[in-house]
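Notes follow the structure.
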Amino acid sequence: MTNIINAEFRRLFKNKFFYIALVLSFLVPFAEMTEEYLYYKRQNRGGELGMQYDYNSMMNLVIFPFLIAVFVSLFIGKDFHDGTIRNKIAVGNKRGVIYFSELAVCSTASVLFQAVGFFSLYVFANAYFHDNILLKEREELRGAFVYSLPELLKFQLFGMIIILGYTSLCLLVAVTLSSRTRAVIVSLVLVVISISFGESVQSSVYPIETEMEAYDYYFPEQEYNLYEMTEEEQEQHWKEVEEKEKLVQVYVEEHRGSTLSGVQKTIYLVCIDTLAYCQILQVDYNILFESGLPSKIPTFVLYDIISFAVFNVIGVLIFSKKDLK
Amino acid sequence: MEYYVLQTKDLYKKYRNFNALNGVTMNVPRGAIYGFVGKNGAGKTTLIRLICGLQFPSKGEYELYGIKNKDKNISQSRRRIGAVIETPSIYLDMTAEENLKQQYRILGVPSFDGIDDILKLVGLDNTGKKKAKNFSLGMRQRLGIAIALCGSPDFLVLDEPINGLDPEGIVEIRELILKLNKERKITFLISSHILDELSKLATHYGFIDQGKIIKEMSAEELEQSCQKSVNIKVTNINALTTVLDNMNIEYKVIDDSTADIFAKPNLTQLVTALAEKNCEILSIQEQDENLESYFMSLIGGAHND
């Protein structure tokens, strides 16, 4: 197996799509942060007031499935298109070995894209918003982020599991279709479906109205001016906000799926924890409320590992029986 | 040591509603250049794909170096073969040398020592940093063979190796095959429908039609079968047949004035005997049956059966 992995890594490092994808992984967060910076600059705030960008570190993961779909389809499809896959099979390598070698290489590439994307976001967010007044006021001097780097990396580790799931799905599609163009189209369609269905499940299980209801209840309209408060009052105010936000979260969680019924409710309640996009949204929601990873993370990880294993078992079975040209 | 490198037994391959192979039984002897002859769509490439493990037989079995295709050690036998199937399987964005290094990695060969020799052997030693995508068709074909030669195989399977090549390229590939067969004792299975070219190489033949081997023979046997004949046109065909019968000569009547004689007759004797029966010779012509016409007659015979 190491022979094929070694050979495939060489092929990867010679592959132009790989470098294009790496550059894109770097450029997208850069463009995002630059755009944000320019927005604040237009409002004459320079880089002095930014938001917290912890949320973006997870939400950016939604971009990678698209990138992975295109990269894996082109990388694997090229092997079929040029007939070079034959060179591996004709000399007696087992198909399972070839499949897992491709998986190892594609997974490494996908994780590299994710790492470069996170690096770019972290560097540019901090570079543009190093004097983040909002966070300074809270005496949390972490540039553009509320969470520390190890904590952010922990979120990325969870993101990596999702990225690996998408990689295995795209590999399954590419090997099954053995055609670059068809694989790109089908993989992209599947990614779009998974995201749009995820969005639909999320908004049905956690309707915005429930959240609004909770906010209206816990945050009745009242006027206050932070600048007129003493430091102690401000501290007290933020504490209260934090506690109420936690109550909002509890309220929303208690009412999940309450607007649904019957089979749809059962299906959606399963999907909300199993679909990668819904998992990202739930993690993001927690990050936004600064409550770390959700308690359901072990369940999410278990589901992700199961999907990863299922995609790969199907992929190996299809590839092992497939007639190649 | 097995006498046969490859033996297939009653191999079938079915694609949905189409039978590409209908019980192929063939034997490729060690050291042979086995010409695999058949029309387009006869099943040549399908059989090669099966042998190389790209596809699986629907029924039947084959042995590579005495190991059956269902045996788990078949991958060890496959390590001893190299193949170029249809188009050469090369990395277009790599140089010739990088392509070979890549194949060495796939094979797990730790040293790249033999690469220069292989490139020299196929005449690609001076291509430098030129990427394979900029190679001519002939160069790509030779690179495909070079890749197949990595790992020192003793059996090379070439599917239509001269397709699309110019005359110079054809000669190059032919000489390369002969050289490898002679110097490295490599057994070849070469599928082609360019029979004239194949006849300059092959030591053995297998004729395939509609997914079935219709004849398998050595080059010597083929030569005997493609016997020379003399085409003779006379004024009285009955007189000719009587004379030929008396002279104990094998012949075949073509029409009411023409016959093919499968021997070199004593012309003086033949002319005298015909003159005695008032039969004039209108024309006389020596003719060869080549591989092509032999193949056509074989196929014709198979279809008539």
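Within each chain, counting starts at residue 1; across the structure tokens, chains are named A, B, ... in the order shown, with ligands numbered 1 upward in that order.
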
Shell of 12 Å around Val109 (chain B), only C-alpha atoms, local chain residues under 3 positions omitted, as a PyMOL selection string: (chain A and resi 2-4+6-7) or (chain B and resi 79+100-106+112-115+150-152)

At most 9 Å to chain A: residues in chain B, only C-alpha atoms, as a PDB file with C-alpha atoms, in the first residue's frame:
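File written: part18.pdb
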ATOM      1  CA  THR B  46     -12.013  -7.437 -24.006  1.00  0.00           C
ATOM      2  CA  ARG B  49      -8.718  -6.377 -20.291  1.00  0.00           C
ATOM      3  CA  ILE B  51      -6.104 -10.855 -18.502  1.00  0.00           C
ATOM      4  CA  CYS B  52      -4.868  -7.572 -17.055  1.00  0.00           C
ATOM      5  CA  GLY B  53      -7.490  -7.627 -14.300  1.00  0.00           C
ATOM      6  CA  LEU B  54      -9.350  -4.556 -15.547  1.00  0.00           C
ATOM      7  CA  GLN B  55     -12.489  -6.599 -16.062  1.00  0.00           C
ATOM      8  CA  PHE B  56     -13.862  -9.853 -14.742  1.00  0.00           C
ATOM      9  CA  ILE B  74      -2.874 -14.056  -9.250  1.00  0.00           C
ATOM     10  CA  SER B  75      -1.546 -10.599  -8.308  1.00  0.00           C
ATOM     11  CA  GLN B  76       1.934 -12.160  -8.072  1.00  0.00           C
ATOM     12  CA  SER B  77       1.568 -13.437 -11.644  1.00  0.00           C
ATOM     13  CA  ARG B  78       0.347 -10.034 -12.792  1.00  0.00           C
ATOM     14  CA  ARG B  79       3.554  -8.499 -11.465  1.00  0.00           C
ATOM     15  CA  ARG B  80       5.306 -10.438 -14.224  1.00  0.00           C
ATOM     16  CA  ILE B  81       3.295  -8.860 -17.015  1.00  0.00           C
ATOM     17  CA  GLY B  82       3.325  -5.455 -18.618  1.00  0.00           C
ATOM     18  CA  ALA B  83       0.557  -4.077 -20.768  1.00  0.00           C
ATOM     19  CA  VAL B  84      -0.320  -1.321 -23.178  1.00  0.00           C
ATOM     20  CA  ILE B  85      -4.067  -1.413 -23.696  1.00  0.00           C
ATOM     21  CA  THR B  87      -3.967   4.063 -25.797  1.00  0.00           C
ATOM     22  CA  PRO B  88      -0.736   4.235 -23.800  1.00  0.00           C
ATOM     23  CA  SER B  89      -1.411   4.905 -20.104  1.00  0.00           C
ATOM     24  CA  ILE B  90       0.948   7.793 -19.456  1.00  0.00           C
ATOM     25  CA  TYR B  91       1.012  10.875 -17.247  1.00  0.00           C
ATOM     26  CA  LEU B  92       0.835  13.647 -19.819  1.00  0.00           C
ATOM     27  CA  ASP B  93       2.120  16.340 -17.473  1.00  0.00           C
ATOM     28  CA  MET B  94       5.276  14.387 -16.665  1.00  0.00           C
ATOM     29  CA  LYS B 101       9.853   6.774 -11.921  1.00  0.00           C
ATOM     30  CA  GLN B 102       6.140   6.885 -11.141  1.00  0.00           C
ATOM     31  CA  GLN B 103       5.706   3.311 -12.377  1.00  0.00           C
ATOM     32  CA  TYR B 104       8.737   2.217 -10.351  1.00  0.00           C
ATOM     33  CA  ARG B 105       7.073   3.710  -7.267  1.00  0.00           C
ATOM     34  CA  ILE B 106       3.818   1.890  -8.037  1.00  0.00           C
ATOM     35  CA  LEU B 107       5.789  -1.334  -8.315  1.00  0.00           C
ATOM     36  CA  GLY B 108       7.711  -0.547  -5.146  1.00  0.00           C
ATOM     37  CA  VAL B 109      11.086  -0.807  -6.881  1.00  0.00           C
ATOM     38  CA  ILE B 147       6.196   1.861 -18.670  1.00  0.00           C
ATOM     39  CA  ALA B 148       5.076  -1.693 -19.356  1.00  0.00           C
TER      40      ALA B 148
END

- request: Enumerate the residues of region 29-222 of chain B with a DSSP assignment of alpha helix (DSSP H), computed from the backbone, and present them as a count of residues only.
  value: 70

task: Would you please extract all strand (DSSP E) residues from region 130-283 of chain B, as assigned by DSSP on the backbone, and give them as a VMD selection string?
output: chain B and resid 155 to 159 187 to 192 204 to 209 212 to 218 229 to 234 251 to 253 258 to 261 281 to 283

Can those selected residues be exported to a file as a compact mmCIF listing (two decimals), in the first residue's frame so that it contains N, CA and C atoms?
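Result saved to part.txt:
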# COMPACT_ATOMS: atom_id res chain seq x y z
N PHE B 155 6.32 -11.00 -19.77
CA PHE B 155 5.19 -11.15 -20.69
C PHE B 155 4.61 -9.76 -20.96
N LEU B 156 4.61 -9.37 -22.22
CA LEU B 156 4.07 -8.05 -22.57
C LEU B 156 2.81 -8.21 -23.41
N VAL B 157 1.78 -7.49 -23.01
CA VAL B 157 0.52 -7.53 -23.74
C VAL B 157 0.34 -6.18 -24.43
N LEU B 158 0.31 -6.21 -25.75
CA LEU B 158 0.19 -4.96 -26.50
C LEU B 158 -1.08 -4.99 -27.33
N ASP B 159 -1.94 -4.05 -27.06
CA ASP B 159 -3.21 -3.99 -27.78
C ASP B 159 -3.10 -2.96 -28.90
N THR B 187 7.89 -12.74 -23.73
CA THR B 187 6.76 -13.27 -24.50
C THR B 187 5.81 -12.11 -24.82
N PHE B 188 5.29 -12.11 -26.03
CA PHE B 188 4.37 -11.03 -26.42
C PHE B 188 3.00 -11.58 -26.80
N LEU B 189 2.00 -10.84 -26.41
CA LEU B 189 0.66 -11.08 -26.96
C LEU B 189 0.29 -9.76 -27.63
N ILE B 190 0.21 -9.81 -28.96
CA ILE B 190 -0.04 -8.57 -29.70
C ILE B 190 -1.36 -8.69 -30.45
N SER B 191 -2.28 -7.81 -30.11
CA SER B 191 -3.54 -7.84 -30.86
C SER B 191 -3.43 -6.82 -31.98
N SER B 192 -3.94 -7.19 -33.12
CA SER B 192 -3.91 -6.25 -34.24
C SER B 192 -4.89 -6.68 -35.32
N HIS B 204 3.33 -17.20 -33.39
CA HIS B 204 2.10 -17.97 -33.19
C HIS B 204 0.90 -17.06 -33.48
N TYR B 205 -0.20 -17.66 -33.82
CA TYR B 205 -1.40 -16.88 -34.13
C TYR B 205 -2.63 -17.45 -33.42
N GLY B 206 -3.49 -16.53 -33.06
CA GLY B 206 -4.82 -16.94 -32.59
C GLY B 206 -5.81 -16.07 -33.35
N PHE B 207 -6.75 -16.71 -34.03
CA PHE B 207 -7.74 -15.95 -34.81
C PHE B 207 -9.04 -15.91 -34.03
N ILE B 208 -9.53 -14.72 -33.81
CA ILE B 208 -10.77 -14.57 -33.03
C ILE B 208 -11.84 -13.90 -33.89
N ASP B 209 -13.03 -14.40 -33.76
CA ASP B 209 -14.16 -13.78 -34.46
C ASP B 209 -15.41 -13.96 -33.62
N LYS B 212 -14.96 -15.64 -30.29
CA LYS B 212 -14.56 -17.05 -30.23
C LYS B 212 -13.25 -17.24 -30.98
N ILE B 213 -12.37 -18.08 -30.42
CA ILE B 213 -11.14 -18.40 -31.15
C ILE B 213 -11.51 -19.41 -32.23
N ILE B 214 -11.26 -19.03 -33.48
CA ILE B 214 -11.65 -19.97 -34.55
C ILE B 214 -10.47 -20.81 -35.01
N LYS B 215 -9.27 -20.35 -34.73
CA LYS B 215 -8.11 -21.16 -35.09
C LYS B 215 -6.91 -20.66 -34.30
N GLU B 216 -6.08 -21.59 -33.86
CA GLU B 216 -4.84 -21.25 -33.18
C GLU B 216 -3.73 -22.05 -33.84
N MET B 217 -2.68 -21.42 -34.24
CA MET B 217 -1.62 -22.15 -34.96
C MET B 217 -0.28 -21.44 -34.85
N SER B 218 0.79 -22.19 -35.19
CA SER B 218 2.12 -21.57 -35.19
C SER B 218 2.34 -20.90 -36.55
N SER B 229 -0.39 -21.14 -54.96
CA SER B 229 -1.22 -21.82 -55.97
C SER B 229 -0.94 -21.23 -57.36
N VAL B 230 -1.33 -22.00 -58.37
CA VAL B 230 -1.19 -21.51 -59.74
C VAL B 230 -2.60 -21.42 -60.33
N ASN B 231 -2.92 -20.20 -60.76
CA ASN B 231 -4.26 -20.00 -61.33
C ASN B 231 -4.15 -20.21 -62.85
N ILE B 232 -4.96 -21.11 -63.36
CA ILE B 232 -4.85 -21.45 -64.80
C ILE B 232 -6.22 -21.32 -65.47
N LYS B 233 -6.21 -20.70 -66.70
CA LYS B 233 -7.46 -20.52 -67.44
C LYS B 233 -7.33 -21.29 -68.77
N VAL B 234 -8.31 -22.12 -69.05
CA VAL B 234 -8.21 -22.99 -70.24
C VAL B 234 -9.51 -22.93 -71.05
N TYR B 251 -6.23 -29.60 -56.79
CA TYR B 251 -6.72 -28.39 -57.47
C TYR B 251 -8.12 -28.03 -56.98
N LYS B 252 -8.51 -26.83 -57.40
CA LYS B 252 -9.87 -26.38 -57.05
C LYS B 252 -10.44 -25.65 -58.26
N VAL B 253 -11.61 -26.11 -58.75
CA VAL B 253 -12.23 -25.45 -59.91
C VAL B 253 -12.91 -24.16 -59.44
N THR B 258 -11.65 -21.79 -65.31
CA THR B 258 -10.50 -21.49 -64.43
C THR B 258 -10.41 -22.48 -63.27
N ALA B 259 -9.16 -22.75 -62.86
CA ALA B 259 -8.92 -23.60 -61.69
C ALA B 259 -7.63 -23.15 -61.00
N ASP B 260 -7.59 -23.40 -59.64
CA ASP B 260 -6.36 -23.14 -58.89
C ASP B 260 -5.67 -24.46 -58.65
N ILE B 261 -4.36 -24.51 -58.94
CA ILE B 261 -3.59 -25.75 -58.74
C ILE B 261 -2.67 -25.52 -57.54
N ILE B 281 -4.31 -23.39 -73.29
CA ILE B 281 -4.13 -22.60 -72.05
C ILE B 281 -4.27 -21.12 -72.41
N LEU B 282 -5.24 -20.44 -71.83
CA LEU B 282 -5.47 -19.02 -72.13
C LEU B 282 -4.58 -18.11 -71.27
N SER B 283 -4.42 -18.48 -69.98
CA SER B 283 -3.50 -17.71 -69.11
C SER B 283 -3.05 -18.61 -67.97

- prompt: If you count only C-alpha atoms, which residues fall within 9 Å of region 254-256 of chain B, apart from same-chain ones fewer than 5 positions away, as a PyMOL selection string?
  reply: chain B and resi 234-238

message: Env of region 282-298 of chain A: 8 Å cut, atoms = only C-alpha atoms, seq-sep filter 6 positions within chain, self excluded. Answer as a list in words.
response: Asp54, Tyr55, Met58, Met59, Val146, Phe155, Glu242, Glu245 and Lys246 of chain A

Leaving out Ala202 (chain B) and any residue of its chain fewer than 5 positions from it, which residues lie within 6 Å of it when counting only C-alpha atoms, given as a JSON list (two decimals) with all heavy atoms, in the first residue's frame?
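Generated file (selection35.json):
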[["chain", "number", "residue", "atom", "x", "y", "z"],
["B", 33, "ILE", "N", 5.83, -14.77, -29.87],
["B", 33, "ILE", "CA", 5.16, -13.50, -30.19],
["B", 33, "ILE", "C", 3.81, -13.95, -30.76],
["B", 33, "ILE", "O", 3.73, -14.45, -31.88],
["B", 33, "ILE", "CB", 5.96, -12.67, -31.22],
["B", 33, "ILE", "CG1", 7.33, -12.29, -30.65],
["B", 33, "ILE", "CG2", 5.18, -11.42, -31.60],
["B", 33, "ILE", "CD1", 8.21, -11.50, -31.61],
["B", 34, "TYR", "N", 2.82, -13.80, -29.93],
["B", 34, "TYR", "CA", 1.50, -14.36, -30.27],
["B", 34, "TYR", "C", 0.65, -13.28, -30.93],
["B", 34, "TYR", "O", 0.30, -12.28, -30.31],
["B", 34, "TYR", "CB", 0.84, -14.85, -28.98],
["B", 34, "TYR", "CG", -0.42, -15.65, -29.16],
["B", 34, "TYR", "CD1", -0.40, -17.04, -29.11],
["B", 34, "TYR", "CD2", -1.65, -15.03, -29.37],
["B", 34, "TYR", "CE1", -1.56, -17.79, -29.25],
["B", 34, "TYR", "CE2", -2.81, -15.76, -29.51],
["B", 34, "TYR", "CZ", -2.77, -17.14, -29.46],
["B", 34, "TYR", "OH", -3.92, -17.87, -29.60],
["B", 35, "GLY", "N", 0.40, -13.48, -32.19],
["B", 35, "GLY", "CA", -0.44, -12.52, -32.93],
["B", 35, "GLY", "C", -1.90, -12.83, -32.70],
["B", 35, "GLY", "O", -2.37, -13.92, -33.02]]

- request: List the neighbours of Met247 (chain B) out to 10 Å using only C-alpha atoms; skip same-chain residues closer than 6 positions along the sequence, and give me the result as a list in words.
  value: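 Non-adjacent residues within range: Thr241, Pro265, Asn266, Gln269, Leu270 and Ala273 of chain B.
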
N, CA, C and O atoms of the current selection, written as a PDB file, in the first residue's frame:
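What ended up in selection-v2.pdb:
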ATOM      1  N   THR B 241      -9.246 -30.930 -65.692  1.00  0.00           N
ATOM      2  CA  THR B 241      -9.426 -31.725 -64.474  1.00  0.00           C
ATOM      3  C   THR B 241      -8.981 -33.176 -64.691  1.00  0.00           C
ATOM      4  O   THR B 241      -8.367 -33.775 -63.807  1.00  0.00           O
ATOM      5  N   PRO B 265       3.321 -27.560 -60.950  1.00  0.00           N
ATOM      6  CA  PRO B 265       3.303 -28.681 -61.914  1.00  0.00           C
ATOM      7  C   PRO B 265       4.475 -28.591 -62.908  1.00  0.00           C
ATOM      8  O   PRO B 265       5.030 -27.516 -63.109  1.00  0.00           O
ATOM      9  N   ASN B 266       4.758 -29.735 -63.520  1.00  0.00           N
ATOM     10  CA  ASN B 266       5.720 -29.731 -64.628  1.00  0.00           C
ATOM     11  C   ASN B 266       4.978 -29.152 -65.830  1.00  0.00           C
ATOM     12  O   ASN B 266       4.083 -29.775 -66.397  1.00  0.00           O
ATOM     13  N   GLN B 269       4.937 -31.003 -69.283  1.00  0.00           N
ATOM     14  CA  GLN B 269       4.075 -32.196 -69.211  1.00  0.00           C
ATOM     15  C   GLN B 269       2.591 -31.799 -69.260  1.00  0.00           C
ATOM     16  O   GLN B 269       1.794 -32.397 -69.982  1.00  0.00           O
ATOM     17  N   LEU B 270       2.279 -30.723 -68.500  1.00  0.00           N
ATOM     18  CA  LEU B 270       0.890 -30.262 -68.420  1.00  0.00           C
ATOM     19  C   LEU B 270       0.412 -29.733 -69.771  1.00  0.00           C
ATOM     20  O   LEU B 270      -0.678 -30.100 -70.260  1.00  0.00           O
ATOM     21  N   ALA B 273      -0.033 -32.620 -72.259  1.00  0.00           N
ATOM     22  CA  ALA B 273      -1.223 -33.432 -71.963  1.00  0.00           C
ATOM     23  C   ALA B 273      -2.494 -32.698 -72.361  1.00  0.00           C
ATOM     24  O   ALA B 273      -3.430 -33.304 -72.904  1.00  0.00           O
TER      25      ALA B 273
END

message: Report, in Å with one decimal, the straight-line distance from CA of Ile193 (chain A) to CA of Leu103 (chain A).
response: 22.7 Å

task: Considering only C-alpha atoms, state which residue in the set A:Val205, A:Leu275, A:Val111, A:Val23 is at the smallest distance from Phe64 (chain A).
output: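 That would be A:Val111, the residue with the smallest distance to Phe64 (chain A).
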
task: For Thr299 (chain A), work out the shell of residues within 10 Å, counting only C-alpha atoms and skipping chain neighbours fewer than 6 positions away, then give it as a PyMOL selection string.
output: chain A and resi 273-274+305

- request: Go ahead and compute the interatomic distance for CA of Tyr37 (chain A) and CA of Ala125 (chain A), in Å to one decimal.
  value: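 Between these atoms lies a distance of 8.7 Å.
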
- line: Computed gap from CA of Pro65 (chain A) to CA of Ala109 (chain A) is 12.3 Å

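For the set A:Cys271, A:Leu61, A:Leu121, A:Leu67, the residue with the smallest atom-to-atom gap to Met33 (chain A) is A:Leu121, counting only C-alpha atoms.
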